[in-house]
$ cat run.cif   # mmCIF, C-alpha atoms and all ligand atoms
data_protein
loop_
_atom_site.label_atom_id
_atom_site.label_comp_id
_atom_site.auth_asym_id
_atom_site.auth_seq_id
_atom_site.Cartn_x
_atom_site.Cartn_y
_atom_site.Cartn_z
CA MET A 1 65.31 -11.36 -47.52
CA GLN A 2 65.16 -13.47 -50.62
CA THR A 3 68.19 -12.84 -52.79
CA ARG A 4 69.71 -14.96 -55.48
CA GLU A 5 72.59 -15.91 -53.22
CA MET A 6 70.17 -18.01 -51.22
CA SER A 7 70.10 -20.78 -53.77
CA ALA A 8 73.21 -22.13 -55.47
CA ALA A 9 71.08 -23.50 -58.29
CA ALA A 10 69.47 -20.13 -58.90
CA VAL A 11 72.85 -18.39 -59.07
CA GLU A 12 73.88 -20.60 -61.97
CA GLU A 13 70.62 -20.14 -63.82
CA LYS A 14 70.31 -16.99 -65.83
CA ARG A 15 67.23 -14.94 -65.12
CA VAL A 16 65.31 -13.66 -68.09
CA PHE A 17 62.68 -10.90 -68.13
CA SER A 18 60.70 -9.67 -71.08
CA GLY A 19 57.47 -7.84 -71.68
CA ILE A 20 54.90 -7.33 -74.37
CA GLN A 21 52.24 -4.65 -74.70
CA PRO A 22 48.58 -5.58 -74.96
CA SER A 23 48.02 -3.06 -77.73
CA GLY A 24 46.72 -3.97 -81.17
CA GLU A 25 46.58 -7.44 -82.65
CA LEU A 26 49.74 -9.51 -82.38
CA HIS A 27 51.38 -10.20 -85.71
CA LEU A 28 54.05 -12.35 -87.28
CA GLY A 29 56.74 -9.79 -86.32
CA ASN A 30 55.83 -10.12 -82.63
CA TYR A 31 55.74 -13.88 -82.97
CA LEU A 32 59.04 -14.38 -84.78
CA GLY A 33 60.86 -11.44 -83.18
CA ALA A 34 59.80 -12.07 -79.61
CA ILE A 35 57.34 -14.80 -78.66
CA LYS A 36 58.91 -17.77 -80.49
CA GLY A 37 62.26 -16.96 -78.87
CA TRP A 38 60.61 -16.82 -75.42
CA VAL A 39 59.08 -20.23 -75.97
CA GLU A 40 62.46 -21.68 -76.92
CA ARG A 41 64.28 -20.08 -74.00
CA GLN A 42 61.93 -21.28 -71.29
CA ARG A 43 63.60 -24.70 -71.36
CA GLU A 44 66.97 -23.47 -70.13
CA LYS A 45 66.50 -20.37 -68.00
CA VAL A 46 64.40 -18.89 -65.23
CA ASN A 47 61.92 -16.77 -67.12
CA PHE A 48 59.53 -13.96 -66.29
CA PHE A 49 57.20 -12.81 -69.05
CA CYS A 50 54.98 -9.86 -68.44
CA ILE A 51 51.99 -8.40 -70.24
CA VAL A 52 52.70 -4.73 -69.72
CA ASP A 53 49.30 -3.07 -69.42
CA LEU A 54 50.76 -0.17 -67.42
CA HIS A 55 52.97 0.64 -70.39
CA ALA A 56 49.97 0.51 -72.70
CA ILE A 57 48.23 3.36 -70.84
CA THR A 58 51.06 5.80 -71.55
CA VAL A 59 48.95 6.56 -74.62
CA PRO A 60 45.13 6.78 -74.58
CA GLN A 61 43.30 3.43 -74.44
CA ASP A 62 39.67 2.43 -74.50
CA PRO A 63 39.10 0.68 -71.13
CA GLU A 64 36.99 -2.22 -72.39
CA SER A 65 39.23 -2.94 -75.30
CA LEU A 66 42.38 -2.72 -73.14
CA ARG A 67 40.95 -5.34 -70.79
CA ARG A 68 39.93 -7.58 -73.68
CA ARG A 69 43.32 -7.29 -75.39
CA THR A 70 45.18 -8.01 -72.15
CA ARG A 71 43.32 -11.32 -71.82
CA SER A 72 43.76 -11.99 -75.49
CA VAL A 73 47.55 -11.55 -75.30
CA ALA A 74 47.67 -13.83 -72.26
CA ALA A 75 45.80 -16.52 -74.21
CA MET A 76 47.99 -15.94 -77.24
CA LEU A 77 51.23 -16.38 -75.29
CA LEU A 78 49.97 -19.61 -73.74
CA ALA A 79 48.75 -20.78 -77.14
CA ALA A 80 52.16 -20.03 -78.64
CA GLY A 81 53.72 -22.40 -76.13
CA LEU A 82 54.60 -20.53 -72.96
CA ASP A 83 54.20 -23.12 -70.25
CA PRO A 84 53.11 -21.87 -66.80
CA ASP A 85 55.08 -24.75 -65.29
CA ARG A 86 58.28 -23.52 -66.85
CA CYS A 87 57.96 -19.75 -66.73
CA THR A 88 56.19 -17.04 -64.79
CA LEU A 89 53.64 -15.35 -67.02
CA PHE A 90 51.75 -12.47 -65.47
CA ILE A 91 50.00 -9.14 -65.97
CA GLN A 92 52.04 -6.12 -64.91
CA SER A 93 49.25 -4.25 -63.09
CA HIS A 94 48.58 -7.34 -60.92
CA VAL A 95 51.94 -6.87 -59.20
CA SER A 96 52.10 -3.47 -57.52
CA ALA A 97 55.89 -3.61 -57.10
CA HIS A 98 56.23 -2.46 -60.72
CA ALA A 99 54.45 0.87 -60.32
CA GLU A 100 55.94 1.42 -56.89
CA GLY A 101 59.44 0.52 -58.04
CA CYS A 102 59.01 2.89 -60.96
CA TRP A 103 58.40 5.76 -58.56
CA LEU A 104 61.50 4.97 -56.53
CA LEU A 105 63.60 4.75 -59.70
CA ASN A 106 62.06 7.98 -61.06
CA CYS A 107 63.76 9.72 -58.18
CA VAL A 108 67.25 8.63 -59.30
CA THR A 109 66.70 9.09 -63.04
CA PRO A 110 67.75 12.39 -64.64
CA ILE A 111 65.09 13.80 -66.99
CA GLY A 112 67.71 14.26 -69.70
CA TRP A 113 68.16 10.50 -69.95
CA LEU A 114 64.47 10.13 -70.77
CA GLU A 115 64.23 13.03 -73.19
CA ARG A 116 66.96 11.42 -75.27
CA MET A 117 65.01 8.20 -75.88
CA THR A 118 64.22 7.84 -79.58
CA GLN A 119 60.91 6.10 -78.93
CA PHE A 120 59.79 9.03 -76.76
CA LYS A 121 60.78 11.47 -79.49
CA ASP A 122 58.90 9.43 -82.10
CA LYS A 123 55.77 8.91 -80.03
CA SER A 124 55.58 12.49 -78.76
CA ALA A 125 56.34 14.18 -82.07
CA GLY A 126 53.39 16.21 -83.33
CA GLN A 127 51.18 15.35 -80.30
CA GLU A 128 49.35 18.21 -78.71
CA ARG A 129 49.47 16.57 -75.28
CA VAL A 130 51.99 14.05 -74.06
CA SER A 131 51.53 12.29 -70.72
CA THR A 132 54.24 12.28 -68.07
CA GLY A 133 53.82 8.52 -68.28
CA LEU A 134 55.08 8.45 -71.85
CA LEU A 135 58.28 10.18 -70.77
CA GLY A 136 58.63 7.88 -67.75
CA TYR A 137 57.86 4.73 -69.79
CA PRO A 138 61.50 3.51 -69.77
CA VAL A 139 61.73 3.93 -65.98
CA LEU A 140 58.76 1.59 -65.55
CA MET A 141 60.47 -0.80 -67.94
CA ALA A 142 63.66 -0.55 -65.86
CA ALA A 143 61.62 -1.39 -62.75
CA ASP A 144 60.11 -4.41 -64.55
CA ILE A 145 63.54 -5.75 -65.33
CA ILE A 146 65.68 -4.94 -62.33
CA LEU A 147 63.15 -5.85 -59.63
CA TYR A 148 63.64 -9.44 -60.82
CA ASP A 149 67.44 -9.21 -60.94
CA ALA A 150 67.17 -10.22 -64.58
CA ASP A 151 70.47 -10.97 -66.31
CA GLU A 152 69.04 -11.10 -69.81
CA VAL A 153 66.32 -9.16 -71.56
CA PRO A 154 65.32 -10.55 -74.95
CA VAL A 155 63.88 -7.71 -77.05
CA GLY A 156 63.71 -6.51 -80.61
CA VAL A 157 66.30 -3.94 -81.71
CA ASP A 158 63.82 -1.11 -81.18
CA GLN A 159 63.86 -1.76 -77.42
CA LYS A 160 67.64 -1.96 -77.02
CA GLN A 161 67.97 1.68 -76.01
CA HIS A 162 65.42 1.18 -73.23
CA VAL A 163 67.29 -1.83 -71.85
CA GLU A 164 70.49 0.17 -71.93
CA LEU A 165 68.73 2.85 -69.91
CA ALA A 166 67.66 0.18 -67.43
CA ARG A 167 71.35 -0.72 -67.10
CA ASP A 168 72.24 2.92 -66.46
CA ILE A 169 69.51 3.26 -63.85
CA ALA A 170 70.54 0.03 -62.09
CA ALA A 171 74.20 1.10 -62.08
CA ARG A 172 73.35 4.57 -60.80
CA PHE A 173 71.22 3.18 -57.99
CA ASN A 174 74.01 0.76 -57.04
CA ARG A 175 76.49 3.65 -56.96
CA LEU A 176 74.24 5.83 -54.83
CA TYR A 177 72.95 3.22 -52.39
CA GLY A 178 75.26 0.20 -52.64
CA GLU A 179 75.02 -3.04 -54.67
CA THR A 180 71.32 -3.72 -55.02
CA PHE A 181 70.50 -4.57 -58.62
CA VAL A 182 71.89 -6.91 -61.24
CA VAL A 183 72.82 -4.84 -64.31
CA PRO A 184 70.86 -6.49 -67.16
CA GLU A 185 71.97 -7.24 -70.72
CA PRO A 186 69.78 -6.84 -73.80
CA VAL A 187 69.63 -9.97 -75.96
CA ILE A 188 68.67 -9.28 -79.54
CA PRO A 189 67.65 -12.28 -81.64
CA GLU A 190 69.77 -12.41 -84.77
CA VAL A 191 67.08 -13.19 -87.26
CA GLY A 192 63.48 -12.36 -86.80
CA ALA A 193 64.81 -9.24 -85.09
CA ARG A 194 63.06 -7.25 -87.79
CA VAL A 195 60.20 -8.68 -89.76
CA MET A 196 59.25 -6.12 -92.37
CA GLY A 197 55.82 -5.17 -93.71
CA LEU A 198 54.69 -7.35 -96.61
CA ASN A 199 53.27 -4.35 -98.45
CA ASP A 200 56.39 -2.26 -97.84
CA PRO A 201 59.61 -4.08 -96.91
CA ALA A 202 61.23 -0.76 -95.97
CA VAL A 203 59.13 -0.47 -92.79
CA LYS A 204 58.94 -2.81 -89.81
CA MET A 205 55.82 -4.93 -89.55
CA SER A 206 53.94 -3.09 -86.83
CA LYS A 207 50.66 -2.88 -84.95
CA THR A 208 50.31 0.74 -86.03
CA HIS A 209 49.94 -0.29 -89.67
CA SER A 210 48.05 -3.51 -88.96
CA ASP A 211 44.89 -2.07 -90.53
CA VAL A 212 46.62 -1.41 -93.84
CA ARG A 213 45.68 -4.16 -96.27
CA GLY A 214 48.51 -6.58 -96.90
CA HIS A 215 50.86 -5.07 -94.29
CA ALA A 216 50.88 -7.64 -91.51
CA VAL A 217 50.06 -11.29 -90.95
CA GLY A 218 48.01 -11.56 -87.77
CA MET A 219 48.81 -14.45 -85.46
CA LEU A 220 45.16 -15.49 -85.68
CA ASP A 221 44.72 -15.06 -89.43
CA ASP A 222 43.23 -18.13 -91.07
CA PRO A 223 45.17 -20.01 -93.76
CA LYS A 224 43.32 -18.30 -96.63
CA GLU A 225 44.13 -14.84 -95.30
CA ILE A 226 47.76 -15.76 -94.76
CA GLU A 227 48.04 -17.08 -98.27
CA ARG A 228 46.47 -13.94 -99.68
CA SER A 229 48.80 -11.67 -97.68
CA PHE A 230 51.90 -13.45 -98.95
CA LYS A 231 50.61 -13.55 -102.52
CA ARG A 232 50.32 -9.77 -102.43
CA ALA A 233 53.76 -9.29 -100.83
CA VAL A 234 55.86 -6.64 -102.56
CA THR A 235 59.06 -8.02 -104.16
CA ASP A 236 61.03 -6.63 -107.12
CA SER A 237 61.18 -7.06 -110.86
CA GLY A 238 64.06 -9.56 -110.75
CA ASN A 239 63.95 -13.31 -110.17
CA GLU A 240 66.91 -14.10 -107.92
CA ILE A 241 65.99 -15.82 -104.65
CA ALA A 242 68.86 -15.10 -102.26
CA PHE A 243 69.50 -13.21 -99.01
CA SER A 244 70.64 -9.69 -99.79
CA ASN A 245 71.32 -6.33 -98.16
CA ASP A 246 70.34 -4.49 -101.31
CA PRO A 247 67.37 -2.25 -100.42
CA GLY A 248 65.88 -3.08 -103.81
CA LYS A 249 65.73 -6.75 -102.76
CA ALA A 250 64.31 -6.10 -99.29
CA GLY A 251 61.01 -7.84 -100.10
CA VAL A 252 62.63 -11.13 -101.10
CA ASN A 253 65.08 -10.84 -98.22
CA ASN A 254 62.18 -10.44 -95.79
CA LEU A 255 60.36 -13.49 -97.18
CA LEU A 256 63.51 -15.59 -96.90
CA GLY A 257 64.12 -14.27 -93.38
CA ILE A 258 60.62 -15.30 -92.33
CA TYR A 259 61.09 -18.76 -93.85
CA LYS A 260 64.46 -19.08 -92.10
CA VAL A 261 63.14 -18.30 -88.62
CA VAL A 262 60.06 -20.46 -89.00
CA THR A 263 61.98 -23.50 -90.26
CA GLY A 264 65.07 -22.97 -88.11
CA ARG A 265 67.32 -23.59 -91.13
CA SER A 266 70.60 -21.83 -91.96
CA LYS A 267 70.87 -19.23 -94.72
CA ASP A 268 72.60 -21.72 -97.02
CA GLU A 269 69.94 -24.34 -96.41
CA VAL A 270 67.20 -21.81 -97.10
CA GLU A 271 68.77 -20.71 -100.36
CA ARG A 272 69.21 -24.34 -101.35
CA ASP A 273 65.52 -24.99 -100.60
CA PHE A 274 64.66 -22.40 -103.26
CA GLU A 275 67.24 -23.35 -105.88
CA ASN A 276 64.63 -24.92 -108.08
CA ALA A 277 61.81 -22.55 -107.25
CA ARG A 278 59.75 -21.27 -110.17
CA GLY A 279 60.05 -17.54 -109.52
CA TYR A 280 58.72 -15.32 -106.76
CA GLY A 281 55.23 -16.82 -106.98
CA ASP A 282 56.61 -20.12 -105.84
CA LEU A 283 58.69 -18.45 -103.11
CA LYS A 284 55.61 -16.66 -101.77
CA SER A 285 53.41 -19.73 -101.67
CA ARG A 286 56.06 -21.83 -99.93
CA VAL A 287 56.73 -19.16 -97.31
CA ALA A 288 52.96 -18.87 -96.79
CA GLU A 289 52.76 -22.63 -96.35
CA VAL A 290 55.34 -22.84 -93.55
CA VAL A 291 53.77 -19.83 -91.78
CA ILE A 292 50.30 -21.39 -92.04
CA GLU A 293 51.53 -24.65 -90.51
CA GLU A 294 53.44 -22.80 -87.79
CA LEU A 295 50.44 -20.71 -86.75
CA ARG A 296 47.74 -23.38 -87.15
CA PRO A 297 48.18 -25.03 -83.73
CA VAL A 298 48.60 -21.61 -82.10
CA ARG A 299 45.26 -20.47 -83.51
CA GLU A 300 43.52 -23.65 -82.43
CA ARG A 301 44.88 -23.54 -78.87
CA TYR A 302 44.03 -19.84 -78.66
CA ARG A 303 40.38 -20.55 -79.48
CA ARG A 304 40.15 -23.07 -76.64
CA LEU A 305 41.88 -20.79 -74.12
CA ILE A 306 39.98 -17.60 -74.86
CA GLY A 307 36.73 -19.51 -74.40
CA ASP A 308 37.57 -20.20 -70.76
CA VAL A 309 38.04 -16.85 -69.08
CA ALA A 310 37.93 -18.31 -65.56
CA GLU A 311 40.78 -20.68 -66.32
CA LEU A 312 42.79 -17.92 -67.97
CA ASP A 313 42.30 -15.56 -65.02
CA ALA A 314 43.31 -18.34 -62.63
CA LEU A 315 46.54 -18.91 -64.54
CA MET A 316 47.31 -15.17 -64.47
CA ALA A 317 46.66 -15.10 -60.71
CA VAL A 318 49.19 -17.87 -60.16
CA GLY A 319 51.72 -16.00 -62.30
CA ALA A 320 51.17 -12.77 -60.36
CA GLU A 321 51.70 -14.57 -57.07
CA ARG A 322 55.00 -16.04 -58.21
CA ALA A 323 56.12 -12.67 -59.60
CA GLU A 324 55.19 -11.01 -56.31
CA ASP A 325 57.32 -13.54 -54.40
CA VAL A 326 60.39 -12.29 -56.24
CA SER A 327 59.73 -8.57 -56.76
CA GLY A 328 58.11 -7.93 -53.35
CA PRO A 329 61.22 -8.71 -51.27
CA LYS A 330 63.39 -6.85 -53.76
CA LEU A 331 61.20 -3.78 -53.46
CA ARG A 332 61.50 -3.91 -49.67
CA GLU A 333 65.27 -4.09 -50.01
CA VAL A 334 65.22 -1.01 -52.26
CA LYS A 335 63.04 0.94 -49.82
CA ASP A 336 65.33 -0.03 -47.01
CA ARG A 337 68.40 1.19 -48.92
CA ILE A 338 66.76 4.51 -49.69
CA GLY A 339 65.89 5.07 -46.06
CA LEU A 340 62.13 4.67 -46.20
CA ALA A 341 60.72 3.53 -42.89
CA LEU A 342 59.61 -0.04 -43.52
CA PRO A 343 56.11 -0.91 -42.36
CA ARG A 344 55.55 -3.93 -40.15
CA MET A 345 54.62 -6.87 -42.32
CA ALA A 346 51.56 -8.96 -41.66
CA GLY A 347 52.63 -11.96 -39.58
CA GLY A 348 55.31 -9.91 -37.81
CA GLY A 349 57.99 -10.17 -40.57
P1 LIG A 401 55.44 -4.25 -79.69
O1 LIG A 401 54.59 -4.77 -80.78
O2 LIG A 401 56.18 -3.02 -80.12
O3 LIG A 401 54.79 -4.15 -78.36
O4 LIG A 401 56.59 -5.32 -79.50
C1 LIG A 401 56.47 -6.53 -78.80
C2 LIG A 401 57.70 -7.36 -79.07
O5 LIG A 401 57.70 -7.78 -80.44
C3 LIG A 401 59.03 -6.60 -78.89
O6 LIG A 401 60.03 -7.46 -78.41
C4 LIG A 401 59.35 -6.13 -80.28
O7 LIG A 401 60.69 -5.84 -80.48
C5 LIG A 401 58.87 -7.32 -81.10
N1 LIG A 401 58.49 -6.88 -82.45
C6 LIG A 401 57.50 -6.01 -82.78
N2 LIG A 401 57.44 -5.84 -84.12
C7 LIG A 401 58.41 -6.62 -84.66
C8 LIG A 401 58.86 -6.88 -86.00
N3 LIG A 401 58.28 -6.33 -87.07
N4 LIG A 401 59.88 -7.73 -86.17
C9 LIG A 401 60.46 -8.32 -85.11
N5 LIG A 401 60.09 -8.13 -83.83
C10 LIG A 401 59.08 -7.28 -83.59
N1 LIG A 402 58.62 -1.65 -73.96
C1 LIG A 402 58.57 -3.00 -74.48
C2 LIG A 402 57.96 -3.01 -75.87
O1 LIG A 402 57.19 -2.15 -76.23
C3 LIG A 402 57.75 -3.89 -73.58
C4 LIG A 402 58.36 -4.04 -72.23
C5 LIG A 402 57.91 -3.49 -71.07
C6 LIG A 402 59.49 -4.81 -71.90
N2 LIG A 402 58.69 -3.87 -70.03
C7 LIG A 402 59.66 -4.66 -70.50
C8 LIG A 402 60.36 -5.58 -72.64
C9 LIG A 402 60.72 -5.29 -69.84
C10 LIG A 402 61.42 -6.21 -71.98
C11 LIG A 402 61.59 -6.05 -70.60
O2 LIG A 402 58.24 -3.93 -76.61
#

$ encode --input "run.cif" --output "structure tokens"
Amino acid sequence: MQTREMSAAAVEEKRVFSGIQPSGELHLGNYLGAIKGWVERQREKVNFFCIVDLHAITVPQDPESLRRRTRSVAAMLLAAGLDPDRCTLFIQSHVSAHAEGCWLLNCVTPIGWLERMTQFKDKSAGQERVSTGLLGYPVLMAADIILYDADEVPVGVDQKQHVELARDIAARFNRLYGETFVVPEPVIPEVGARVMGLNDPAVKMSKTHSDVRGHAVGMLDDPKEIERSFKRAVTDSGNEIAFSNDPGKAGVNNLLGIYKVVTGRSKDEVERDFENARGYGDLKSRVAEVVIEELRPVRERYRRLIGDVAELDALMAVGAERAEDVSGPKLREVKDRIGLALPRMAGGG
């Protein structure tokens, strides 16, 4: 059975797992809060990145558009710099261990743990019908993570509670059946963790509000659109350009935060960059400028990739195969622990 102990090199290398939903258009919040960090991490760790289409169907989806968006997110991640030679990028539904593992973990997860999840409460509030899948969503996410023995899970703050639940599920399984899973840690990026809406800096930039004019910057927006969005960004009636926790200055703080993550500069350096700025107008156009330059190559690469569906599908097939090589044996170990009668494997294994 393939475990991490088999390879000394692998033991030293941290395993990373993260996922992104193929719902809605990806925006600057997704890029700065998640994707950019993934791209940077792939140099040092063993990384698995998953497009979680099974999570997407916990709420109603139009089949054609789900399929299109899944491919689109795959192309976007590659365009943003995920390198199939350095990480395993795959589509969740291509690897059946995720759904199967979810079932096995369902059976050791108390319902109360799931009913407490704030995302479940938010998403189910006011809905006439809520699928069992929406309640079980974090168990599927736990399966995603722990079937790969991931040590680290980079996510935005909103997903921290789910990763903590994955820890609880892993620990409970280990207690019941013996050491099986690595207990994962959430890793929250310090800045970029929360990119706020440009039209309302009190709410997180989100796919749900993406249709609202001036709320989000789409990863594929052209330079003119990006400039317009930043020009319209809500600030305040003052003129001080500095990082601040004052809710009244949240707009300026958000713009500086975006500039900081894009440029990779420190807070002091960012504030110094704007010492001689001529008011908020200047701030907005300079933030727009760095975002435009950051997203330009991503948009161009995306166009090339999305035009070659066969190539894209081939890359996803390779990713799925590599993911299967890791999660398949782990799933068999789990079944074995639980006492399921293991089937004979093809080839007599
Ligand atoms: P979602 O759009 O909720 O599927 O999230 C995909 C990834 O992007 C997750 O890691 C989120 O935490 C992250 N993310 C989504 N919106 C934002 C935002 N406004 N700021 C920072 N990160 C975000
Ligand atoms: N639930 C996460 C989100 O909406 C996506 C996700 C699914 C994920 N499985 C995961 C993130 C495993 C990290 C690890 O953002």

$ residues_near_ligand --input "run.cif" --ligand "ligand LIG 401 (chain A)" --cutoff "9 Å" --atoms "all atoms listed in the file" --output "ChimeraX atom specification"
/A:18-35,52,56,154-160,188-189,191-197,203-208,216

$ residues_around --input "run.cif" --residues "Asp85 of chain A" --least-positions-apart "5" --cutoff "12 Å" --atoms "all atoms listed in the file" --output "ChimeraX atom specification"
/A:42-43,46-48,78,315,318-319,322

$ closest_residue --input "run.cif" --among "A:Gln127, A:Ser229, A:Thr88, A:Gln161" --to "ligand LIG 402 (chain A)" --atoms "only C-alpha atoms and all ligand atoms"
A:Gln161

$ axis_aligned_box --input "run.cif" --around "segment 267-275 of chain A" --padding-each-side "4 Å" --output "AutoDock Vina command-line options"
--center_x 68.6 --center_y -22.1 --center_z -100.3 --size_x 15.9 --size_y 13.8 --size_z 19.2

$ residues_around --input "run.cif" --residues "segment 57-71 of chain A" --least-positions-apart "5" --cutoff "12 Å" --atoms "only C-alpha atoms" --output "short mmCIF file (atom, residue, chain, number, x, y, z; two decimals) with C-alpha atoms, keeping the file's coordinate frame"
data_model
loop_
_atom_site.label_atom_id
_atom_site.label_comp_id
_atom_site.auth_asym_id
_atom_site.auth_seq_id
_atom_site.Cartn_x
_atom_site.Cartn_y
_atom_site.Cartn_z
CA ILE A 20 54.90 -7.33 -74.37
CA GLN A 21 52.24 -4.65 -74.70
CA PRO A 22 48.58 -5.58 -74.96
CA SER A 23 48.02 -3.06 -77.73
CA GLY A 24 46.72 -3.97 -81.17
CA GLU A 25 46.58 -7.44 -82.65
CA LEU A 26 49.74 -9.51 -82.38
CA CYS A 50 54.98 -9.86 -68.44
CA ILE A 51 51.99 -8.40 -70.24
CA VAL A 52 52.70 -4.73 -69.72
CA MET A 76 47.99 -15.94 -77.24
CA LEU A 77 51.23 -16.38 -75.29
CA LEU A 78 49.97 -19.61 -73.74
CA PHE A 90 51.75 -12.47 -65.47
CA ILE A 91 50.00 -9.14 -65.97
CA GLN A 92 52.04 -6.12 -64.91
CA SER A 93 49.25 -4.25 -63.09
CA HIS A 94 48.58 -7.34 -60.92
CA PHE A 120 59.79 9.03 -76.76
CA LYS A 123 55.77 8.91 -80.03
CA SER A 124 55.58 12.49 -78.76
CA GLN A 127 51.18 15.35 -80.30
CA ARG A 129 49.47 16.57 -75.28
CA VAL A 130 51.99 14.05 -74.06
CA SER A 131 51.53 12.29 -70.72
CA THR A 132 54.24 12.28 -68.07
CA GLY A 133 53.82 8.52 -68.28
CA LEU A 134 55.08 8.45 -71.85
CA LEU A 135 58.28 10.18 -70.77
CA GLY A 136 58.63 7.88 -67.75
CA TYR A 137 57.86 4.73 -69.79
CA PRO A 138 61.50 3.51 -69.77
CA LEU A 140 58.76 1.59 -65.55
CA TYR A 302 44.03 -19.84 -78.66
CA LEU A 305 41.88 -20.79 -74.12
CA ILE A 306 39.98 -17.60 -74.86
CA GLY A 307 36.73 -19.51 -74.40
CA ASP A 308 37.57 -20.20 -70.76
CA VAL A 309 38.04 -16.85 -69.08
CA ALA A 310 37.93 -18.31 -65.56
CA GLU A 311 40.78 -20.68 -66.32
CA LEU A 312 42.79 -17.92 -67.97
CA ASP A 313 42.30 -15.56 -65.02
CA ALA A 314 43.31 -18.34 -62.63
CA LEU A 315 46.54 -18.91 -64.54
CA MET A 316 47.31 -15.17 -64.47
#

$ atom_distance --input "run.cif" --atom1 "atom CA of Leu104 of chain A" --atom2 "atom CA of Gly178 of chain A"
15.1 Å

$ atom_distance --input "run.cif" --atom1 "atom CA of Leu256 of chain A" --atom2 "atom CA of Pro186 of chain A"
25.5 Å

$ closest_residue --input "run.cif" --among "A:Ala166, A:Ala233, A:Val39, A:Leu176" --to "Arg337 of chain A" --atoms "only C-alpha atoms"
A:Leu176

$ closest_residue --input "run.cif" --among "A:Val212, A:Val234, A:Val187, A:Ala317" --to "ligand LIG 402 (chain A)" --atoms "only C-alpha atoms and all ligand atoms"
A:Val187

$ residues_around --input "run.cif" --residues "Lys14 of chain A" --least-positions-apart "5" --cutoff "8 Å" --atoms "all atoms listed in the file" --output "VMD selection string"
chain A and resid 45 to 46 150 to 152

$ residues_around --input "run.cif" --residues "Pro247 of chain A" --least-positions-apart "2" --cutoff "12 Å" --atoms "all atoms listed in the file" --output "PyMOL selection string"
chain A and resi 200-203+235-236+243-245+249-254

$ write_last_selection --input "run.cif" --atoms "C-alpha atoms" --output "CSV table (one decimal), in the coordinates of the input"
chain,number,residue,atom,x,y,z
A,200,ASP,CA,56.4,-2.3,-97.8
A,201,PRO,CA,59.6,-4.1,-96.9
A,202,ALA,CA,61.2,-0.8,-96.0
A,203,VAL,CA,59.1,-0.5,-92.8
A,235,THR,CA,59.1,-8.0,-104.2
A,236,ASP,CA,61.0,-6.6,-107.1
A,243,PHE,CA,69.5,-13.2,-99.0
A,244,SER,CA,70.6,-9.7,-99.8
A,245,ASN,CA,71.3,-6.3,-98.2
A,249,LYS,CA,65.7,-6.8,-102.8
A,250,ALA,CA,64.3,-6.1,-99.3
A,251,GLY,CA,61.0,-7.8,-100.1
A,252,VAL,CA,62.6,-11.1,-101.1
A,253,ASN,CA,65.1,-10.8,-98.2
A,254,ASN,CA,62.2,-10.4,-95.8

$ residues_near_point --input "run.cif" --point "(70.0, -0.4, -69.4)" --cutoff "8 Å" --atoms "only C-alpha atoms" --output "JSON, numbers by chain"
{"A": [142, 161, 162, 163, 164, 165, 166, 167, 168, 169, 170, 183, 184, 185, 186]}

$ closest_residue --input "run.cif" --among "A:Leu114, A:Met219, A:Val139, A:Ile338" --to "ligand LIG 402 (chain A)" --atoms "all atoms listed in the file"
A:Val139

$ atom_distance --input "run.cif" --atom1 "atom CA of Pro343 of chain A" --atom2 "atom CA of Ala171 of chain A"
26.8 Å

$ closest_residue --input "run.cif" --among "A:Asp144, A:Asp122, A:Glu115, A:Glu100" --to "ligand LIG 402 (chain A)" --atoms "all atoms listed in the file"
A:Asp144

$ closest_residue --input "run.cif" --among "A:Ser72, A:Thr109, A:Ser285, A:Gln119" --to "ligand LIG 402 (chain A)" --atoms "all atoms listed in the file"
A:Gln119

$ decode --input "run.cif" --residues "segment 33-52 of chain A" --atoms "C-alpha atoms" --output "PDB file, in the first residue's frame"
ATOM      1  CA  GLY A  33      -7.113  35.179  -1.894  1.00  0.00           C
ATOM      2  CA  ALA A  34      -6.525  31.733  -3.335  1.00  0.00           C
ATOM      3  CA  ILE A  35      -5.114  31.187  -6.817  1.00  0.00           C
ATOM      4  CA  LYS A  36      -2.058  33.481  -6.653  1.00  0.00           C
ATOM      5  CA  GLY A  37      -1.011  31.800  -3.403  1.00  0.00           C
ATOM      6  CA  TRP A  38      -1.377  28.348  -5.007  1.00  0.00           C
ATOM      7  CA  VAL A  39       0.838  29.397  -7.880  1.00  0.00           C
ATOM      8  CA  GLU A  40       3.515  30.610  -5.476  1.00  0.00           C
ATOM      9  CA  ARG A  41       3.358  27.504  -3.303  1.00  0.00           C
ATOM     10  CA  GLN A  42       3.737  24.980  -6.097  1.00  0.00           C
ATOM     11  CA  ARG A  43       7.492  25.599  -6.148  1.00  0.00           C
ATOM     12  CA  GLU A  44       8.124  24.242  -2.664  1.00  0.00           C
ATOM     13  CA  LYS A  45       5.491  21.649  -1.803  1.00  0.00           C
ATOM     14  CA  VAL A  46       3.639  18.654  -3.173  1.00  0.00           C
ATOM     15  CA  ASN A  47       0.371  20.160  -4.309  1.00  0.00           C
ATOM     16  CA  PHE A  48      -3.065  18.871  -5.218  1.00  0.00           C
ATOM     17  CA  PHE A  49      -5.536  21.388  -6.604  1.00  0.00           C
ATOM     18  CA  CYS A  50      -9.056  20.295  -7.286  1.00  0.00           C
ATOM     19  CA  ILE A  51     -11.958  21.800  -9.184  1.00  0.00           C
ATOM     20  CA  VAL A  52     -14.785  20.729  -6.920  1.00  0.00           C
TER      21      VAL A  52
END
